[in-house]
>>> print(open('upload-v9.cif').read())   # mmCIF, C-alpha atoms
data_query
loop_
_atom_site.group_PDB
_atom_site.id
_atom_site.type_symbol
_atom_site.label_atom_id
_atom_site.label_comp_id
_atom_site.auth_asym_id
_atom_site.auth_seq_id
_atom_site.Cartn_x
_atom_site.Cartn_y
_atom_site.Cartn_z
ATOM 1 C CA MET A 1 110.827 100.400 -76.165
ATOM 2 C CA PRO A 2 111.015 97.019 -77.960
ATOM 3 C CA ARG A 3 111.402 94.098 -75.553
ATOM 4 C CA ARG A 4 114.570 92.783 -77.199
ATOM 5 C CA ARG A 5 116.286 96.180 -76.908
ATOM 6 C CA ARG A 6 115.224 96.565 -73.273
ATOM 7 C CA VAL A 7 116.505 93.092 -72.397
ATOM 8 C CA SER A 8 119.848 93.741 -74.077
ATOM 9 C CA GLN A 9 120.181 97.082 -72.239
ATOM 10 C CA LEU A 10 119.512 95.362 -68.921
ATOM 11 C CA PHE A 11 121.984 92.618 -69.787
ATOM 12 C CA LEU A 12 124.696 95.151 -70.659
ATOM 13 C CA HIS A 13 123.921 97.142 -67.523
ATOM 14 C CA THR A 14 124.306 94.026 -65.338
ATOM 15 C CA LEU A 15 127.423 92.915 -67.174
ATOM 16 C CA PHE A 16 129.160 96.290 -66.779
ATOM 17 C CA SER A 17 128.056 96.666 -63.139
ATOM 18 C CA ASN A 18 129.466 93.257 -62.319
ATOM 19 C CA LEU A 19 132.689 93.971 -64.210
ATOM 20 C CA LEU A 20 133.123 97.265 -62.355
ATOM 21 C CA ASN A 21 132.409 95.631 -59.014
ATOM 22 C CA PHE A 22 134.979 92.968 -59.843
ATOM 23 C CA ILE A 23 137.613 95.584 -60.761
ATOM 24 C CA GLU A 24 136.885 97.537 -57.587
ATOM 25 C CA GLY A 25 137.523 94.358 -55.597
ATOM 26 C CA ASN A 26 133.924 93.875 -54.539
ATOM 27 C CA ALA A 27 131.571 91.001 -54.853
ATOM 28 C CA ILE A 28 129.252 90.960 -57.830
ATOM 29 C CA GLY A 29 125.739 92.379 -57.637
ATOM 30 C CA ILE A 30 123.647 94.928 -55.755
ATOM 31 C CA HIS A 31 124.686 95.358 -52.138
ATOM 32 C CA TYR A 32 122.394 95.925 -49.248
ATOM 33 C CA VAL A 33 122.746 95.897 -45.476
ATOM 34 C CA SER A 34 122.141 92.463 -43.970
ATOM 35 C CA ASN A 35 119.776 91.815 -41.068
ATOM 36 C CA GLU A 36 122.696 91.172 -38.725
ATOM 37 C CA THR A 37 124.310 94.507 -39.564
ATOM 38 C CA ALA A 38 120.986 96.340 -39.198
ATOM 39 C CA VAL A 39 120.629 94.875 -35.690
ATOM 40 C CA ARG A 40 124.189 95.873 -34.838
ATOM 41 C CA ILE A 41 123.586 99.439 -36.046
ATOM 42 C CA ILE A 42 120.353 99.728 -34.033
ATOM 43 C CA TYR A 43 122.107 98.455 -30.906
ATOM 44 C CA LEU A 44 124.919 101.003 -31.250
ATOM 45 C CA ILE A 45 122.509 103.889 -31.849
ATOM 46 C CA GLN A 46 120.525 102.842 -28.766
ATOM 47 C CA LEU A 47 123.744 102.820 -26.695
ATOM 48 C CA LEU A 48 124.656 106.295 -27.927
ATOM 49 C CA VAL A 49 121.154 107.635 -27.303
ATOM 50 C CA GLU A 50 121.300 106.339 -23.724
ATOM 51 C CA ASP A 51 124.814 107.699 -23.148
ATOM 52 C CA CYS A 52 124.401 111.104 -24.752
ATOM 53 C CA GLY A 53 120.716 111.676 -24.081
ATOM 54 C CA PHE A 54 119.476 113.010 -27.394
ATOM 55 C CA GLY A 55 116.293 111.970 -29.141
ATOM 56 C CA ILE A 56 116.025 110.398 -32.574
ATOM 57 C CA ASP A 57 113.426 112.417 -34.441
ATOM 58 C CA GLY A 58 114.734 111.992 -37.961
ATOM 59 C CA ILE A 59 116.462 109.158 -39.825
ATOM 60 C CA LEU A 60 117.951 109.518 -43.303
ATOM 61 C CA ASP A 61 119.223 106.535 -45.287
ATOM 62 C CA LEU A 62 121.246 107.501 -48.347
ATOM 63 C CA GLY A 63 121.461 104.858 -51.056
ATOM 64 C CA VAL A 64 118.482 103.021 -49.683
ATOM 65 C CA GLY A 65 118.518 100.113 -52.170
ATOM 66 C CA SER A 66 116.515 97.336 -50.561
ATOM 67 C CA PRO A 67 114.931 99.231 -47.666
ATOM 68 C CA TYR A 68 115.731 96.757 -44.854
ATOM 69 C CA LEU A 69 117.791 99.186 -42.793
ATOM 70 C CA ILE A 70 115.415 102.139 -42.944
ATOM 71 C CA GLY A 71 112.511 99.771 -42.223
ATOM 72 C CA ALA A 72 114.291 98.366 -39.174
ATOM 73 C CA LEU A 73 115.206 101.824 -37.868
ATOM 74 C CA LYS A 74 111.669 103.093 -38.403
ATOM 75 C CA THR A 75 110.334 100.069 -36.499
ATOM 76 C CA ILE A 76 112.434 100.958 -33.463
ATOM 77 C CA TRP A 77 111.946 104.746 -33.575
ATOM 78 C CA ASN A 78 108.453 104.702 -35.023
ATOM 79 C CA GLU A 79 107.642 108.300 -34.127
ATOM 80 C CA SER A 80 110.599 109.676 -36.048
ATOM 81 C CA ILE A 81 110.501 110.931 -39.613
ATOM 82 C CA ALA A 82 112.274 108.476 -41.932
ATOM 83 C CA ILE A 83 113.408 109.147 -45.480
ATOM 84 C CA GLY A 84 115.143 106.755 -47.849
ATOM 85 C CA VAL A 85 117.062 108.467 -50.645
ATOM 86 C CA ASP A 86 118.523 106.793 -53.697
ATOM 87 C CA LEU A 87 120.202 108.008 -56.830
ATOM 88 C CA PRO A 88 118.156 108.476 -59.988
ATOM 89 C CA GLU A 89 117.941 105.423 -62.249
ATOM 90 C CA GLY A 90 121.262 104.572 -63.854
ATOM 91 C CA LYS A 91 123.238 107.323 -62.101
ATOM 92 C CA LEU A 92 125.339 104.987 -59.950
ATOM 93 C CA PHE A 93 126.112 102.923 -63.025
ATOM 94 C CA TYR A 94 127.530 105.987 -64.793
ATOM 95 C CA ILE A 95 129.581 106.926 -61.719
ATOM 96 C CA LYS A 96 131.159 103.469 -61.797
ATOM 97 C CA LEU A 97 131.697 103.690 -65.569
ATOM 98 C CA GLU A 98 133.608 106.944 -65.046
ATOM 99 C CA CYS A 99 135.809 105.141 -62.492
ATOM 100 C CA LEU A 100 136.494 102.353 -64.993
ATOM 101 C CA LEU A 101 137.423 104.801 -67.763
ATOM 102 C CA TYR A 102 139.698 106.611 -65.309
ATOM 103 C CA LEU A 103 141.436 103.304 -64.488
ATOM 104 C CA LEU A 104 141.817 102.348 -68.155
ATOM 105 C CA VAL A 105 143.099 105.748 -69.364
ATOM 106 C CA MET B 1 115.267 101.680 -57.377
ATOM 107 C CA ILE B 2 112.896 104.178 -55.773
ATOM 108 C CA ASP B 3 110.333 103.481 -58.494
ATOM 109 C CA VAL B 4 110.576 99.747 -57.762
ATOM 110 C CA ILE B 5 110.092 100.294 -54.011
ATOM 111 C CA GLN B 6 107.157 102.652 -54.532
ATOM 112 C CA ALA B 7 105.526 100.270 -57.004
ATOM 113 C CA LYS B 8 105.884 97.369 -54.557
ATOM 114 C CA LEU B 9 104.382 99.401 -51.729
ATOM 115 C CA ARG B 10 101.526 100.640 -53.928
ATOM 116 C CA TYR B 11 100.509 97.081 -54.710
ATOM 117 C CA GLY B 12 100.659 95.938 -51.085
ATOM 118 C CA GLY B 13 104.110 94.344 -51.056
ATOM 119 C CA GLY B 14 106.569 94.865 -48.230
ATOM 120 C CA PHE B 15 106.103 95.604 -44.583
ATOM 121 C CA GLU B 16 103.500 97.935 -43.140
ATOM 122 C CA VAL B 17 106.192 100.109 -41.578
ATOM 123 C CA LEU B 18 107.594 100.997 -45.004
ATOM 124 C CA ASN B 19 104.369 102.842 -45.824
ATOM 125 C CA HIS B 20 105.414 105.416 -43.230
ATOM 126 C CA VAL B 21 108.819 105.924 -44.808
ATOM 127 C CA GLU B 22 109.212 108.526 -47.531
ATOM 128 C CA PHE B 23 111.271 107.360 -50.502
ATOM 129 C CA LYS B 24 112.910 109.956 -52.696
ATOM 130 C CA SER B 25 115.136 109.964 -55.741
ATOM 131 C CA ILE B 26 117.828 112.646 -55.425
ATOM 132 C CA ASP B 27 121.045 113.084 -57.379
ATOM 133 C CA LEU B 28 123.543 112.964 -54.526
ATOM 134 C CA THR B 29 126.503 113.797 -56.761
ATOM 135 C CA LYS B 30 125.360 117.384 -57.417
ATOM 136 C CA THR B 31 124.831 120.308 -55.069
ATOM 137 C CA PHE B 32 121.314 120.405 -53.676
ATOM 138 C CA ASP B 33 118.761 123.159 -54.046
ATOM 139 C CA LEU B 34 117.886 125.041 -50.862
ATOM 140 C CA THR B 35 114.622 123.180 -50.190
ATOM 141 C CA THR B 36 116.240 119.739 -50.497
ATOM 142 C CA LYS B 37 119.253 120.858 -48.506
ATOM 143 C CA SER B 38 117.211 122.213 -45.589
ATOM 144 C CA LYS B 39 115.069 119.069 -45.593
ATOM 145 C CA LEU B 40 118.098 116.762 -45.504
ATOM 146 C CA GLN B 41 119.621 118.811 -42.677
ATOM 147 C CA GLN B 42 116.752 117.940 -40.318
ATOM 148 C CA PHE B 43 117.903 114.378 -39.618
ATOM 149 C CA VAL B 44 119.679 113.253 -36.472
ATOM 150 C CA VAL B 45 120.866 109.901 -37.855
ATOM 151 C CA ILE B 46 122.298 109.628 -41.371
ATOM 152 C CA THR B 47 123.459 106.365 -42.907
ATOM 153 C CA ASN B 48 125.398 106.480 -46.148
ATOM 154 C CA PHE B 49 126.594 103.075 -47.305
ATOM 155 C CA ILE B 50 126.984 103.826 -51.010
ATOM 156 C CA GLY B 51 130.760 103.912 -50.665
ATOM 157 C CA ASN B 52 131.376 106.548 -53.336
ATOM 158 C CA LYS B 53 133.917 109.283 -52.527
ATOM 159 C CA ASN B 54 132.139 112.029 -54.474
ATOM 160 C CA ILE B 55 128.869 111.339 -52.694
ATOM 161 C CA ASP B 56 130.628 111.190 -49.292
ATOM 162 C CA GLU B 57 132.246 114.538 -50.029
ATOM 163 C CA ASN B 58 128.993 116.103 -51.203
ATOM 164 C CA VAL B 59 127.209 114.925 -48.063
ATOM 165 C CA ILE B 60 129.970 116.245 -45.780
ATOM 166 C CA LYS B 61 130.194 119.603 -47.555
ATOM 167 C CA ASN B 62 126.541 120.292 -48.283
ATOM 168 C CA ILE B 63 124.360 118.469 -45.763
ATOM 169 C CA LEU B 64 126.331 118.312 -42.528
ATOM 170 C CA PRO B 65 127.198 121.992 -41.915
ATOM 171 C CA GLU B 66 124.400 123.567 -39.840
ATOM 172 C CA SER B 67 122.506 120.278 -39.743
ATOM 173 C CA LYS B 68 120.910 118.511 -36.760
ATOM 174 C CA CYS B 69 122.951 115.366 -37.463
ATOM 175 C CA ARG B 70 124.446 113.698 -34.395
ATOM 176 C CA ILE B 71 125.305 110.289 -35.856
ATOM 177 C CA ILE B 72 126.565 109.669 -39.380
ATOM 178 C CA MET B 73 127.802 106.391 -40.822
ATOM 179 C CA PHE B 74 129.870 105.778 -43.930
ATOM 180 C CA ARG B 75 130.962 102.661 -45.711
ATOM 181 C CA ASN B 76 134.672 102.139 -45.183
ATOM 182 C CA LYS B 77 135.296 100.252 -48.389
ATOM 183 C CA SER B 78 138.335 97.991 -47.849
ATOM 184 C CA GLY B 79 139.614 100.473 -45.257
ATOM 185 C CA ARG B 80 139.862 103.231 -47.851
ATOM 186 C CA PHE B 81 137.660 105.871 -46.243
ATOM 187 C CA SER B 82 139.346 109.181 -47.007
ATOM 188 C CA VAL B 83 141.612 110.674 -44.322
ATOM 189 C CA ILE B 84 140.637 114.168 -45.521
ATOM 190 C CA HIS B 85 136.955 113.389 -45.063
ATOM 191 C CA THR B 86 137.628 112.119 -41.533
ATOM 192 C CA SER B 87 139.526 115.316 -40.683
ATOM 193 C CA TRP B 88 136.727 117.503 -42.146
ATOM 194 C CA LEU B 89 134.228 115.637 -39.990
ATOM 195 C CA MET B 90 136.393 116.095 -36.918
ATOM 196 C CA GLN B 91 136.641 119.830 -37.629
ATOM 197 C CA MET B 92 132.838 119.918 -37.612
ATOM 198 C CA GLY B 93 132.834 118.457 -34.097
ATOM 199 C CA PHE B 94 132.324 114.782 -34.909
ATOM 200 C CA THR B 95 134.400 112.118 -33.221
ATOM 201 C CA LYS B 96 135.155 108.694 -34.602
ATOM 202 C CA TYR B 97 133.436 105.824 -32.816
ATOM 203 C CA GLU B 98 135.967 103.617 -30.976
ATOM 204 C CA LYS B 99 136.427 101.266 -33.911
ATOM 205 C CA ASP B 100 134.921 100.583 -37.294
ATOM 206 C CA ILE B 101 131.960 98.222 -37.227
ATOM 207 C CA MET B 102 132.436 95.027 -39.191
ATOM 208 C CA ALA B 103 129.407 94.750 -41.386
ATOM 209 C CA SER B 104 127.992 92.183 -43.686
ATOM 210 C CA LEU B 105 126.571 93.637 -46.838
ATOM 211 C CA GLU B 106 124.594 91.040 -48.672
ATOM 212 C CA PHE B 107 124.474 91.076 -52.401
ATOM 213 C CA LYS B 108 122.007 89.934 -54.917
ATOM 214 C CA VAL B 109 122.440 89.086 -58.561
ATOM 215 C CA ASN B 110 119.355 89.515 -60.626
ATOM 216 C CA LEU B 111 119.890 89.348 -64.351
ATOM 217 C CA HIS B 112 116.247 90.184 -65.097
ATOM 218 C CA LEU B 113 116.479 87.615 -67.865
ATOM 219 C CA SER B 114 115.670 84.708 -65.608
ATOM 220 C CA SER B 115 113.984 84.291 -62.253
ATOM 221 C CA GLU B 116 117.182 83.101 -60.579
ATOM 222 C CA ASN B 117 118.489 85.104 -57.653
ATOM 223 C CA PHE B 118 121.807 84.248 -56.080
ATOM 224 C CA MET B 119 122.483 85.278 -52.525
ATOM 225 C CA SER B 120 125.781 85.444 -50.729
ATOM 226 C CA LEU B 121 127.659 87.515 -48.215
ATOM 227 C CA THR B 122 130.523 89.941 -48.345
ATOM 228 C CA ILE B 123 132.304 91.673 -45.524
ATOM 229 C CA ASP B 124 132.952 95.396 -45.410
ATOM 230 C CA SER B 125 133.208 97.843 -42.554
ATOM 231 C CA ILE B 126 131.254 100.875 -41.442
ATOM 232 C CA ARG B 127 132.802 104.024 -40.037
ATOM 233 C CA MET B 128 130.603 105.737 -37.501
ATOM 234 C CA MET B 129 131.118 109.398 -36.652
ATOM 235 C CA ILE B 130 129.289 110.914 -33.711
ATOM 236 C CA ILE B 131 128.753 114.207 -31.933
ATOM 237 C CA ALA B 132 128.615 113.297 -28.262
#
>>> encode(input="upload-v9.cif", output="C-alpha cells")
Amino acid sequence: MPRRRRVSQLFLHTLFSNLLNFIEGNAIGIHYVSNETAVRIIYLIQLLVEDCGFGIDGILDLGVGSPYLIGALKTIWNESIAIGVDLPEGKLFYIKLECLLYLLV
Amino acid sequence: MIDVIQAKLRYGGGFEVLNHVEFKSIDLTKTFDLTTKSKLQQFVVITNFIGNKNIDENVIKNILPESKCRIIMFRNKSGRFSVIHTSWLMQMGFTKYEKDIMASLEFKVNLHLSSENFMSLTIDSIRMMIIA
C-alpha cells in the first residue's frame, strides 16, 4: 500500500475514533486499565479467593489492548493459564461507526 | 492490536511474564465455534472492559453457561451497564459485588503521524459479578 494512502487511512481512523469517543461521552484515544486499577482488581480477587477458597487456574482478558492487566494478573498467579483476547484489526472501529450511524439516522 | 503485541514480544520488548501469556485475535461480536467456545469456558477469572453491549451480551450468552468462571468483570460505562445483563448473570448464579469499583482507565492518543503521545486519565467504573 502506498505510504500516503496508509497515512491518510490511519489519520481518518484516528479522527473517526476520537469523534465517536467524544459523542459517546468518553475521553479521546485508546483506553487501557491503569496500574492503580490493576492493583485494585488483584487485591479484590485475592480477597475473594481467600473468602471463597477456589483456585485461580485460568485468567481471560477480553479486549486486552495494552496488556498491563493480564501481565499483572499473570505475575501474581504465575502458574495459571493466561490468555489475552482482542478484536480483529479495525473491528471495534466499525462497531463504533455503526453506533454513530444509528445516532445520526 | 494483537499483531502489535506479538511483534513487540518477538523482538524482545515488554516484560518477561508476557511471553507466558497467549494473545489471540477473536471476533467477539459473533458466535464462537465449538473449539474456541470450550477453550474460553476454561477460565476462572474473566475481565471484559471493552464496554460494548453486543460483546457483553455475546460473552454472557455464549461463554458463561457451563463455564468454570467464578469472577467476571464488566465495564460499567457511565453507569449504563444493562439491567437485563445483570439479571441474566444473576439467573446463572452470579451475585453482584457489594459496589462497583471506581476505576481509572488511562488513555493514549497516538496519531501515528508524529511521535507525540499524550497521556491523561479518565474515570469509569467496573462491575464485578461473582459466584461465591
>>> atom_distance(input="upload-v9.cif", atom1="CA of Ile50 (chain B)", atom2="CA of Ile81 (chain A)")
21.3 Å
>>> resolve_selection(input="upload-v9.cif", expression="the PyMOL selection byres ((chain A and resi 49) around 12)", output="list in words")
Ile42, Tyr43, Leu44, Ile45, Gln46, Leu47, Leu48, Glu50, Asp51, Cys52, Gly53, Phe54, Gly55, Ile56, Asp57 and Trp77 of chain A; Val44, Val45, Arg70, Ile71, Ile130, Ile131 and Ala132 of chain B
>>> closest_residue(input="upload-v9.cif", among="B:Ile5, B:Ile60, B:Cys69, B:Ile46", to="chain A", atoms="only C-alpha atoms")
B:Ile46
>>> residues_near_point(input="upload-v9.cif", point="(132.9, 118.6, -43.8)", cutoff="6 Å", atoms="only C-alpha atoms", output="compact mmCIF listing (two decimals) with C-alpha atoms, in the frame of the given file")
# COMPACT_ATOMS: atom_id res chain seq x y z
CA ILE B 60 129.97 116.24 -45.78
CA LYS B 61 130.19 119.60 -47.56
CA TRP B 88 136.73 117.50 -42.15
CA LEU B 89 134.23 115.64 -39.99
>>> residues_around(input="upload-v9.cif", residues="Ser80 (chain A)", least_positions_apart="4", cutoff="12 Å", atoms="all atoms listed in the file", output="list in words")
Gly55, Ile56, Asp57, Gly58, Ile59, Leu60, Ile70, Gly71, Leu73, Lys74, Thr75 and Ile76 of chain A; Val17, His20, Val21, Glu22, Gln42, Phe43, Val44 and Val45 of chain B
>>> atom_distance(input="upload-v9.cif", atom1="CA of Lys53 (chain B)", atom2="CA of His85 (chain B)")
9.0 Å
>>> atom_distance(input="upload-v9.cif", atom1="CA of Asn35 (chain A)", atom2="CA of Met102 (chain B)")
13.2 Å
